$ cat model21.txt   # compact mmCIF, C-alpha atoms
# COMPACT_ATOMS: atom_id res chain seq x y z
CA MET A 1382 73.17 112.50 58.52
CA ILE A 1383 76.27 112.88 60.64
CA GLN A 1384 79.11 110.45 60.04
CA ILE A 1385 81.49 109.60 62.87
CA LYS A 1386 85.15 108.68 62.60
CA SER A 1387 87.01 107.58 65.72
CA PHE A 1388 90.71 107.14 66.44
CA ALA A 1389 92.30 105.56 69.52
CA PHE A 1390 95.24 107.86 70.27
CA ASN A 1391 98.05 108.36 72.82
CA PRO A 1392 99.24 106.03 75.61
CA TYR A 1393 95.78 106.18 77.20
CA GLN A 1394 94.05 104.89 74.05
CA GLU A 1395 91.71 107.86 74.13
CA ASN A 1396 88.97 108.07 71.52
CA THR A 1397 89.31 111.14 69.32
CA TYR A 1398 86.27 111.87 67.16
CA ILE A 1399 85.61 113.64 63.88
CA LEU A 1400 81.96 114.35 63.10
CA PHE A 1401 80.95 115.50 59.60
CA ASP A 1402 77.90 115.75 57.38
CA GLU A 1403 77.17 116.16 53.69
CA THR A 1404 78.46 119.76 53.70
CA LEU A 1405 81.91 118.33 54.62
CA GLU A 1406 82.14 120.72 57.57
CA CYS A 1407 83.52 118.76 60.51
CA VAL A 1408 83.82 119.01 64.26
CA ILE A 1409 86.87 117.66 66.11
CA ILE A 1410 86.11 116.37 69.62
CA ASP A 1411 88.75 115.55 72.26
CA PRO A 1412 91.84 115.48 70.03
CA GLY A 1413 94.33 113.13 71.65
CA MET A 1414 96.90 112.69 68.91
CA TYR A 1415 100.36 112.43 70.44
CA THR A 1416 102.91 110.90 68.06
CA GLY A 1417 103.78 112.05 64.58
CA ASP A 1418 102.16 108.93 63.16
CA GLU A 1419 98.92 109.73 64.98
CA GLN A 1420 98.99 113.31 63.74
CA ASN A 1421 99.53 112.11 60.18
CA GLU A 1422 96.72 109.56 60.40
CA PHE A 1423 94.37 112.30 61.58
CA LEU A 1424 95.46 114.75 58.87
CA LYS A 1425 95.18 112.10 56.16
CA PHE A 1426 91.58 111.29 57.04
CA ILE A 1427 90.57 114.95 56.89
CA SER A 1428 92.45 115.49 53.64
CA ASP A 1429 91.28 112.29 51.94
CA ASN A 1430 87.65 113.12 52.73
CA LYS A 1431 88.05 116.82 51.82
CA LEU A 1432 86.71 117.87 55.21
CA LYS A 1433 86.67 121.43 56.51
CA PRO A 1434 87.28 121.60 60.29
CA VAL A 1435 85.11 124.33 61.81
CA LEU A 1436 84.98 123.52 65.54
CA LEU A 1437 87.23 122.05 68.23
CA LEU A 1438 85.33 120.75 71.27
CA ASN A 1439 86.49 119.17 74.52
CA THR A 1440 84.11 117.13 76.68
CA HIS A 1441 86.52 117.81 79.54
CA CYS A 1442 90.17 118.70 79.99
CA HIS A 1443 92.07 115.75 81.41
CA ILE A 1444 95.44 115.28 79.72
CA ASP A 1445 94.47 112.44 77.39
CA HIS A 1446 91.61 114.48 75.88
CA VAL A 1447 93.60 117.66 75.21
CA LEU A 1448 96.99 116.39 74.01
CA GLY A 1449 96.10 117.38 70.44
CA ASN A 1450 94.50 120.78 71.13
CA LYS A 1451 97.66 122.70 70.27
CA PHE A 1452 98.20 120.62 67.11
CA VAL A 1453 94.65 121.30 65.91
CA PHE A 1454 95.05 125.00 66.66
CA ASP A 1455 98.37 125.19 64.82
CA THR A 1456 96.96 123.28 61.84
CA TYR A 1457 93.46 124.71 61.47
CA GLY A 1458 93.42 127.83 63.65
CA LEU A 1459 90.65 126.47 65.87
CA LEU A 1460 90.56 127.40 69.54
CA PRO A 1461 89.05 124.78 71.85
CA GLN A 1462 85.60 125.18 73.32
CA PHE A 1463 84.68 123.61 76.67
CA HIS A 1464 82.78 124.57 79.81
CA GLN A 1465 84.57 127.26 81.81
CA GLY A 1466 84.56 125.01 84.87
CA GLU A 1467 87.13 122.82 83.12
CA GLU A 1468 89.72 125.59 82.80
CA ILE A 1469 91.24 124.76 86.18
CA VAL A 1470 91.57 121.14 85.00
CA LEU A 1471 93.30 122.23 81.79
CA ASN A 1472 95.66 124.57 83.61
CA SER A 1473 96.81 121.76 85.90
CA VAL A 1474 97.94 119.54 82.99
CA VAL A 1475 101.21 121.41 82.51
CA SER A 1476 102.27 120.62 86.07
CA TYR A 1477 101.48 116.88 86.14
CA ALA A 1478 102.32 115.87 82.56
CA PRO A 1479 106.09 115.60 83.25
CA GLN A 1480 105.46 113.38 86.28
CA MET A 1481 103.60 110.99 83.98
CA GLY A 1482 106.33 111.03 81.36
CA ILE A 1483 104.07 112.77 78.84
CA ARG A 1484 105.26 115.52 76.51
CA TYR A 1485 102.54 118.15 76.56
CA GLU A 1486 102.24 121.05 74.13
CA VAL A 1487 100.21 123.60 76.06
CA SER A 1488 96.65 123.99 74.81
CA PRO A 1489 95.38 127.45 73.93
CA LEU A 1490 92.41 128.75 75.91
CA PRO A 1491 88.95 129.33 74.48
CA GLU A 1492 87.51 132.61 73.31
CA VAL A 1493 84.08 130.98 73.58
CA TYR A 1494 83.04 128.72 76.46
CA LEU A 1495 80.28 126.15 76.25
CA PRO A 1496 77.13 126.68 78.35
CA GLU A 1497 75.52 123.99 80.50
CA SER A 1498 72.77 123.60 77.91
CA GLY A 1499 72.20 124.72 74.37
CA THR A 1500 73.08 123.62 70.86
CA ILE A 1501 76.13 123.53 68.63
CA LYS A 1502 75.61 123.85 64.89
CA PHE A 1503 77.84 122.92 61.97
CA GLY A 1504 76.94 122.24 58.37
CA THR A 1505 73.29 121.22 58.40
CA SER A 1506 73.69 119.43 61.73
CA GLU A 1507 73.03 120.16 65.38
CA LEU A 1508 74.37 118.79 68.65
CA GLU A 1509 72.76 119.31 72.05
CA ILE A 1510 74.99 120.03 75.04
CA ILE A 1511 74.37 117.86 78.11
CA PHE A 1512 76.09 119.00 81.31
CA ALA A 1513 77.20 115.86 83.16
CA PRO A 1514 79.92 116.50 85.77
CA GLY A 1515 81.18 113.85 88.16
CA HIS A 1516 84.20 112.45 86.33
CA SER A 1517 85.47 116.02 86.13
CA PRO A 1518 83.97 119.24 87.52
CA ALA A 1519 82.28 120.56 84.35
CA HIS A 1520 82.13 117.65 81.91
CA VAL A 1521 79.78 117.96 78.94
CA CYS A 1522 78.43 115.41 76.44
CA PHE A 1523 77.17 116.04 72.92
CA TYR A 1524 73.86 114.51 71.83
CA CYS A 1525 72.46 114.29 68.31
CA GLN A 1526 68.73 113.70 68.58
CA LYS A 1527 68.22 113.29 64.84
CA ASP A 1528 70.81 110.53 64.45
CA GLU A 1529 70.44 109.15 68.00
CA PHE A 1530 74.01 109.16 69.24
CA LEU A 1531 75.94 110.63 72.16
CA ILE A 1532 79.58 111.65 72.29
CA GLY A 1533 79.92 110.84 75.95
CA GLY A 1534 83.51 111.54 76.96
CA ASP A 1535 84.42 109.78 80.21
CA VAL A 1536 80.94 109.61 81.75
CA LEU A 1537 79.55 106.26 80.59
CA PHE A 1538 81.52 103.35 79.11
CA TYR A 1539 80.69 99.86 77.92
CA ARG A 1540 79.72 98.15 81.18
CA SER A 1541 81.58 100.81 83.17
CA ILE A 1542 81.62 104.47 84.22
CA GLY A 1543 84.19 107.24 84.45
CA ARG A 1544 86.59 107.21 87.38
CA THR A 1545 85.87 109.72 90.12
CA ASP A 1546 89.09 109.63 92.15
CA LEU A 1547 90.75 112.51 90.29
CA PRO A 1548 90.55 116.15 91.51
CA GLY A 1549 87.05 117.49 90.95
CA GLY A 1550 85.54 113.99 90.72
CA ASN A 1551 82.31 113.13 92.51
CA HIS A 1552 80.96 109.58 92.36
CA GLU A 1553 77.44 110.33 93.58
CA LEU A 1554 77.11 113.23 91.13
CA LEU A 1555 78.33 111.10 88.23
CA ILE A 1556 75.79 108.35 88.97
CA LYS A 1557 73.02 110.96 89.35
CA ASN A 1558 73.82 112.55 86.00
CA ILE A 1559 73.96 109.19 84.21
CA ARG A 1560 70.61 108.14 85.65
CA GLU A 1561 68.81 111.46 85.18
CA LYS A 1562 70.37 112.88 82.00
CA LEU A 1563 71.82 110.01 79.96
CA PHE A 1564 69.34 107.30 80.84
CA SER A 1565 66.51 109.63 79.80
CA LEU A 1566 67.78 109.35 76.21
CA PRO A 1567 66.27 106.71 73.88
CA ASN A 1568 67.38 103.12 74.48
CA ASP A 1569 68.62 102.92 70.89
CA CYS A 1570 70.91 105.92 71.35
CA ARG A 1571 74.49 104.90 70.53
CA VAL A 1572 77.10 106.03 73.06
CA TYR A 1573 80.58 106.84 71.77
CA PRO A 1574 82.78 107.03 74.88
CA GLY A 1575 86.19 108.52 75.56
CA HIS A 1576 87.75 105.04 75.80
CA GLY A 1577 86.82 101.59 74.56
CA PRO A 1578 84.01 100.39 72.30
CA ALA A 1579 80.71 102.09 71.57
CA THR A 1580 77.62 100.95 73.46
CA SER A 1581 73.98 101.98 73.78
CA ILE A 1582 71.82 103.54 76.45
CA GLY A 1583 69.52 100.51 76.54
CA PHE A 1584 72.38 98.06 76.90
CA GLU A 1585 73.94 99.99 79.77
CA LYS A 1586 70.59 100.25 81.57
CA GLN A 1587 70.43 96.46 81.57
CA HIS A 1588 74.05 95.39 81.90
CA ASN A 1589 76.13 98.10 83.57
CA PRO A 1590 77.14 96.75 87.02
CA PHE A 1591 77.77 100.26 88.38
CA LEU A 1592 74.16 101.30 87.73
CA LYS A 1593 72.20 98.38 89.15

$ encode --input "model21.txt" --output "structure tokens"
Amino acid sequence: MIQIKSFAFNPYQENTYILFDETLECVIIDPGMYTGDEQNEFLKFISDNKLKPVLLLNTHCHIDHVLGNKFVFDTYGLLPQFHQGEEIVLNSVVSYAPQMGIRYEVSPLPEVYLPESGTIKFGTSELEIIFAPGHSPAHVCFYCQKDEFLIGGDVLFYRSIGRTDLPGGNHELLIKNIREKLFSLPNDCRVYPGHGPATSIGFEKQHNPFLK
């Protein structure tokens, strides 16, 4: 069974996730650590639990989800993996970070890009890739069928959805992907979003005002 640890990091209160199973291999998703204290909190959890980081994944490449990519690479030697359609988004961060008053250590680029569908394996566990653009041009989510949870990035939130007014955003496409790809998952599936509290597919079907 996969265990999930979340941290709310950086000025955007972005949810950084560590997923691990009984083998103690772990996957780092959307590292957003920004301050020294945040970096130390992250390192302490991995050290205290004797975890072995084996993969660095990004759901998408907006600034708040990649602020820790360089730190993870420097610490564990892991290059990020994301869909190639997000590379233009990542490359733009260096130009707008100063305007937002954010210190940005430039993320390395992948050697391996994620496909639009397929699986990611670590330890004895498996995650399914779900391609769900709309918030960003090539956003992906990670679904664990066995444990019924979704690492959803900035697609679906508790009673909300990802914003679509940034470059590469598309409101109609986002709604379509939520309805067709996420809402086809079991109602009991837990959704761990890029910001805010966890929710469930069934709850959002009933209570999300953007999807009525």

$ closest_residue --input "model21.txt" --among "A:Arg1560, A:Arg1484, A:Lys1386, A:Arg1571" --to "Ile1444 in chain A" --atoms "all atoms listed in the file"
A:Arg1484

$ closest_residue --input "model21.txt" --among "A:His1441, A:Val1453, A:Thr1545, A:Asp1402" --to "Asn1421 in chain A" --atoms "only C-alpha atoms"
A:Val1453

$ atom_distance --input "model21.txt" --atom1 "CA of Pro1578 in chain A" --atom2 "CA of Phe1426 in chain A"
20.2 Å

$ residues_around --input "model21.txt" --residues "range 1471-1483 of chain A" --least-positions-apart "3" --cutoff "10 Å" --atoms "all atoms listed in the file" --output "list of chain:residue names"
A:Asn1391, A:Pro1392, A:Tyr1415, A:His1441, A:Cys1442, A:His1443, A:Ile1444, A:Asp1445, A:His1446, A:Val1447, A:Leu1448, A:Gly1466, A:Glu1467, A:Glu1468, A:Glu1486, A:Val1487, A:Ser1488, A:Pro1489, A:Leu1490

$ write_last_selection --input "model21.txt" --atoms "C-alpha atoms" --output "PDB file, in the coordinates of the input"
ATOM      1  CA  ASN A1391      98.050 108.360  72.820  1.00  0.00           C
ATOM      2  CA  PRO A1392      99.240 106.030  75.610  1.00  0.00           C
ATOM      3  CA  TYR A1415     100.360 112.430  70.440  1.00  0.00           C
ATOM      4  CA  HIS A1441      86.520 117.810  79.540  1.00  0.00           C
ATOM      5  CA  CYS A1442      90.170 118.700  79.990  1.00  0.00           C
ATOM      6  CA  HIS A1443      92.070 115.750  81.410  1.00  0.00           C
ATOM      7  CA  ILE A1444      95.440 115.280  79.720  1.00  0.00           C
ATOM      8  CA  ASP A1445      94.470 112.440  77.390  1.00  0.00           C
ATOM      9  CA  HIS A1446      91.610 114.480  75.880  1.00  0.00           C
ATOM     10  CA  VAL A1447      93.600 117.660  75.210  1.00  0.00           C
ATOM     11  CA  LEU A1448      96.990 116.390  74.010  1.00  0.00           C
ATOM     12  CA  GLY A1466      84.560 125.010  84.870  1.00  0.00           C
ATOM     13  CA  GLU A1467      87.130 122.820  83.120  1.00  0.00           C
ATOM     14  CA  GLU A1468      89.720 125.590  82.800  1.00  0.00           C
ATOM     15  CA  GLU A1486     102.240 121.050  74.130  1.00  0.00           C
ATOM     16  CA  VAL A1487     100.210 123.600  76.060  1.00  0.00           C
ATOM     17  CA  SER A1488      96.650 123.990  74.810  1.00  0.00           C
ATOM     18  CA  PRO A1489      95.380 127.450  73.930  1.00  0.00           C
ATOM     19  CA  LEU A1490      92.410 128.750  75.910  1.00  0.00           C
TER      20      LEU A1490
END

$ closest_residue --input "model21.txt" --among "A:Asp1546, A:Glu1403, A:Asp1455, A:Glu1529" --to "Pro1567 in chain A" --atoms "all atoms listed in the file"
A:Glu1529

$ residues_around --input "model21.txt" --residues "Tyr1524 in chain A" --least-positions-apart "5" --cutoff "6 Å" --atoms "all atoms listed in the file" --output "number ranges by chain"
A: 1508-1509, 1530-1531

$ residues_near_point --input "model21.txt" --point "(86.1, 107.8, 61.7)" --cutoff "10 Å" --atoms "only C-alpha atoms" --output "PyMOL selection string"
chain A and resi 1384-1388+1397-1401+1423+1426-1427

$ residues_near_point --input "model21.txt" --point "(80.3, 100.2, 76.4)" --cutoff "12 Å" --atoms "only C-alpha atoms" --output "PyMOL selection string"
chain A and resi 1533-1543+1571-1590

$ atom_distance --input "model21.txt" --atom1 "CA of Ile1511 in chain A" --atom2 "CA of Tyr1457 in chain A"
26.2 Å

$ atom_distance --input "model21.txt" --atom1 "CA of Glu1406 in chain A" --atom2 "CA of Cys1570 in chain A"
23.1 Å

$ axis_aligned_box --input "model21.txt" --around "range 1452-1469 of chain A" --padding-each-side "5 Å" --output "AutoDock Vina command-line options"
--center_x 90.6 --center_y 124.2 --center_z 73.8 --size_x 25.6 --size_y 17.2 --size_z 34.7

$ closest_atom_pairs --input "model21.txt" --of "range 1416-1529 of chain A" --to "range 1548-1559 of chain A" --cutoff "8 Å" --atoms "all atoms listed in the file" --output "tab-separated table"
residue	atom	partner	partner_atom	distance
A:Ala1513	CA	A:Asn1558	CA	5.5
A:Pro1514	CA	A:Leu1555	CA	6.1
A:Gly1515	CA	A:Leu1555	CA	4.0
A:His1516	CA	A:Gly1550	CA	4.8
A:Ser1517	CA	A:Gly1550	CA	5.0
A:Pro1518	CA	A:Gly1549	CA	4.9

$ residues_around --input "model21.txt" --residues "Thr1456 in chain A" --least-positions-apart "2" --cutoff "12 Å" --atoms "all atoms listed in the file" --output "ChimeraX atom specification"
/A:1420-1421,1423-1424,1427,1433-1435,1437,1449-1454,1458-1460

$ write_last_selection --input "model21.txt" --atoms "C-alpha atoms" --output "tab-separated table (two decimals), in the frame of the given file"
chain	number	residue	atom	x	y	z
A	1420	GLN	CA	98.99	113.31	63.74
A	1421	ASN	CA	99.53	112.11	60.18
A	1423	PHE	CA	94.37	112.30	61.58
A	1424	LEU	CA	95.46	114.75	58.87
A	1427	ILE	CA	90.57	114.95	56.89
A	1433	LYS	CA	86.67	121.43	56.51
A	1434	PRO	CA	87.28	121.60	60.29
A	1435	VAL	CA	85.11	124.33	61.81
A	1437	LEU	CA	87.23	122.05	68.23
A	1449	GLY	CA	96.10	117.38	70.44
A	1450	ASN	CA	94.50	120.78	71.13
A	1451	LYS	CA	97.66	122.70	70.27
A	1452	PHE	CA	98.20	120.62	67.11
A	1453	VAL	CA	94.65	121.30	65.91
A	1454	PHE	CA	95.05	125.00	66.66
A	1458	GLY	CA	93.42	127.83	63.65
A	1459	LEU	CA	90.65	126.47	65.87
A	1460	LEU	CA	90.56	127.40	69.54

$ closest_residue --input "model21.txt" --among "A:Phe1591, A:Val1470, A:Val1493, A:Glu1422" --to "Arg1544 in chain A" --atoms "only C-alpha atoms"
A:Phe1591

$ closest_residue --input "model21.txt" --among "A:Ile1532, A:Cys1525, A:Leu1566, A:Leu1592" --to "Ile1383 in chain A" --atoms "only C-alpha atoms"
A:Cys1525

$ build_atoms --input "model21.txt" --residues "range 1405-1429 of chain A" --atoms "N, CA, C and O atoms" --output "mmCIF file, in the frame of the given file"
data_model
loop_
_atom_site.group_PDB
_atom_site.id
_atom_site.type_symbol
_atom_site.label_atom_id
_atom_site.label_comp_id
_atom_site.auth_asym_id
_atom_site.auth_seq_id
_atom_site.Cartn_x
_atom_site.Cartn_y
_atom_site.Cartn_z
ATOM 1 N N LEU A 1405 80.484 118.596 54.381
ATOM 2 C CA LEU A 1405 81.910 118.330 54.620
ATOM 3 C C LEU A 1405 82.507 119.210 55.714
ATOM 4 O O LEU A 1405 83.700 119.141 55.980
ATOM 5 N N GLU A 1406 81.673 120.059 56.347
ATOM 6 C CA GLU A 1406 82.140 120.720 57.570
ATOM 7 C C GLU A 1406 82.274 119.646 58.655
ATOM 8 O O GLU A 1406 81.450 118.732 58.749
ATOM 9 N N CYS A 1407 83.321 119.776 59.468
ATOM 10 C CA CYS A 1407 83.520 118.760 60.510
ATOM 11 C C CYS A 1407 83.858 119.395 61.849
ATOM 12 O O CYS A 1407 84.375 120.516 61.928
ATOM 13 N N VAL A 1408 83.537 118.640 62.882
ATOM 14 C CA VAL A 1408 83.820 119.010 64.260
ATOM 15 C C VAL A 1408 84.827 118.004 64.816
ATOM 16 O O VAL A 1408 84.664 116.794 64.638
ATOM 17 N N ILE A 1409 85.854 118.500 65.463
ATOM 18 C CA ILE A 1409 86.870 117.660 66.110
ATOM 19 C C ILE A 1409 86.582 117.662 67.608
ATOM 20 O O ILE A 1409 86.469 118.727 68.222
ATOM 21 N N ILE A 1410 86.442 116.476 68.196
ATOM 22 C CA ILE A 1410 86.110 116.370 69.620
ATOM 23 C C ILE A 1410 87.196 115.572 70.344
ATOM 24 O O ILE A 1410 87.544 114.464 69.944
ATOM 25 N N ASP A 1411 87.742 116.178 71.389
ATOM 26 C CA ASP A 1411 88.750 115.550 72.260
ATOM 27 C C ASP A 1411 89.969 115.040 71.481
ATOM 28 O O ASP A 1411 90.286 113.837 71.506
ATOM 29 N N PRO A 1412 90.682 115.935 70.811
ATOM 30 C CA PRO A 1412 91.840 115.480 70.030
ATOM 31 C C PRO A 1412 92.959 114.990 70.951
ATOM 32 O O PRO A 1412 93.488 115.736 71.763
ATOM 33 N N GLY A 1413 93.313 113.724 70.778
ATOM 34 C CA GLY A 1413 94.330 113.130 71.650
ATOM 35 C C GLY A 1413 95.586 112.719 70.931
ATOM 36 O O GLY A 1413 96.429 112.029 71.519
ATOM 37 N N MET A 1414 95.717 113.129 69.656
ATOM 38 C CA MET A 1414 96.900 112.690 68.910
ATOM 39 C C MET A 1414 98.170 113.133 69.614
ATOM 40 O O MET A 1414 98.268 114.243 70.121
ATOM 41 N N TYR A 1415 99.157 112.209 69.639
ATOM 42 C CA TYR A 1415 100.360 112.430 70.440
ATOM 43 C C TYR A 1415 101.627 112.254 69.617
ATOM 44 O O TYR A 1415 102.511 113.104 69.630
ATOM 45 N N THR A 1416 101.712 111.166 68.872
ATOM 46 C CA THR A 1416 102.910 110.900 68.060
ATOM 47 C C THR A 1416 102.742 111.499 66.666
ATOM 48 O O THR A 1416 101.634 111.835 66.237
ATOM 49 N N GLY A 1417 103.837 111.587 65.955
ATOM 50 C CA GLY A 1417 103.780 112.050 64.580
ATOM 51 C C GLY A 1417 102.920 111.162 63.708
ATOM 52 O O GLY A 1417 102.180 111.647 62.837
ATOM 53 N N ASP A 1418 102.992 109.853 63.929
ATOM 54 C CA ASP A 1418 102.160 108.930 63.160
ATOM 55 C C ASP A 1418 100.677 109.184 63.412
ATOM 56 O O ASP A 1418 99.854 109.125 62.484
ATOM 57 N N GLU A 1419 100.326 109.451 64.662
ATOM 58 C CA GLU A 1419 98.920 109.730 64.980
ATOM 59 C C GLU A 1419 98.473 111.038 64.343
ATOM 60 O O GLU A 1419 97.358 111.127 63.801
ATOM 61 N N GLN A 1420 99.323 112.035 64.392
ATOM 62 C CA GLN A 1420 98.990 113.310 63.740
ATOM 63 C C GLN A 1420 98.779 113.122 62.246
ATOM 64 O O GLN A 1420 97.822 113.654 61.665
ATOM 65 N N ASN A 1421 99.645 112.337 61.621
ATOM 66 C CA ASN A 1421 99.530 112.110 60.180
ATOM 67 C C ASN A 1421 98.282 111.317 59.822
ATOM 68 O O ASN A 1421 97.638 111.588 58.791
ATOM 69 N N GLU A 1422 97.940 110.337 60.646
ATOM 70 C CA GLU A 1422 96.720 109.560 60.400
ATOM 71 C C GLU A 1422 95.490 110.459 60.449
ATOM 72 O O GLU A 1422 94.584 110.360 59.608
ATOM 73 N N PHE A 1423 95.472 111.343 61.417
ATOM 74 C CA PHE A 1423 94.370 112.300 61.580
ATOM 75 C C PHE A 1423 94.294 113.241 60.376
ATOM 76 O O PHE A 1423 93.220 113.423 59.781
ATOM 77 N N LEU A 1424 95.427 113.826 60.004
ATOM 78 C CA LEU A 1424 95.460 114.750 58.870
ATOM 79 C C LEU A 1424 95.048 114.064 57.572
ATOM 80 O O LEU A 1424 94.336 114.653 56.746
ATOM 81 N N LYS A 1425 95.482 112.837 57.394
ATOM 82 C CA LYS A 1425 95.180 112.100 56.160
ATOM 83 C C LYS A 1425 93.680 111.868 56.022
ATOM 84 O O LYS A 1425 93.124 112.000 54.922
ATOM 85 N N PHE A 1426 93.018 111.518 57.121
ATOM 86 C CA PHE A 1426 91.580 111.290 57.040
ATOM 87 C C PHE A 1426 90.847 112.564 56.628
ATOM 88 O O PHE A 1426 89.956 112.533 55.768
ATOM 89 N N ILE A 1427 91.220 113.691 57.227
ATOM 90 C CA ILE A 1427 90.570 114.950 56.890
ATOM 91 C C ILE A 1427 90.849 115.328 55.441
ATOM 92 O O ILE A 1427 89.954 115.732 54.691
ATOM 93 N N SER A 1428 92.088 115.154 55.013
ATOM 94 C CA SER A 1428 92.450 115.490 53.640
ATOM 95 C C SER A 1428 91.791 114.565 52.625
ATOM 96 O O SER A 1428 91.222 115.017 51.620
ATOM 97 N N ASP A 1429 91.839 113.261 52.874
ATOM 98 C CA ASP A 1429 91.280 112.290 51.940
ATOM 99 C C ASP A 1429 89.779 112.482 51.745
ATOM 100 O O ASP A 1429 89.232 112.211 50.666
#
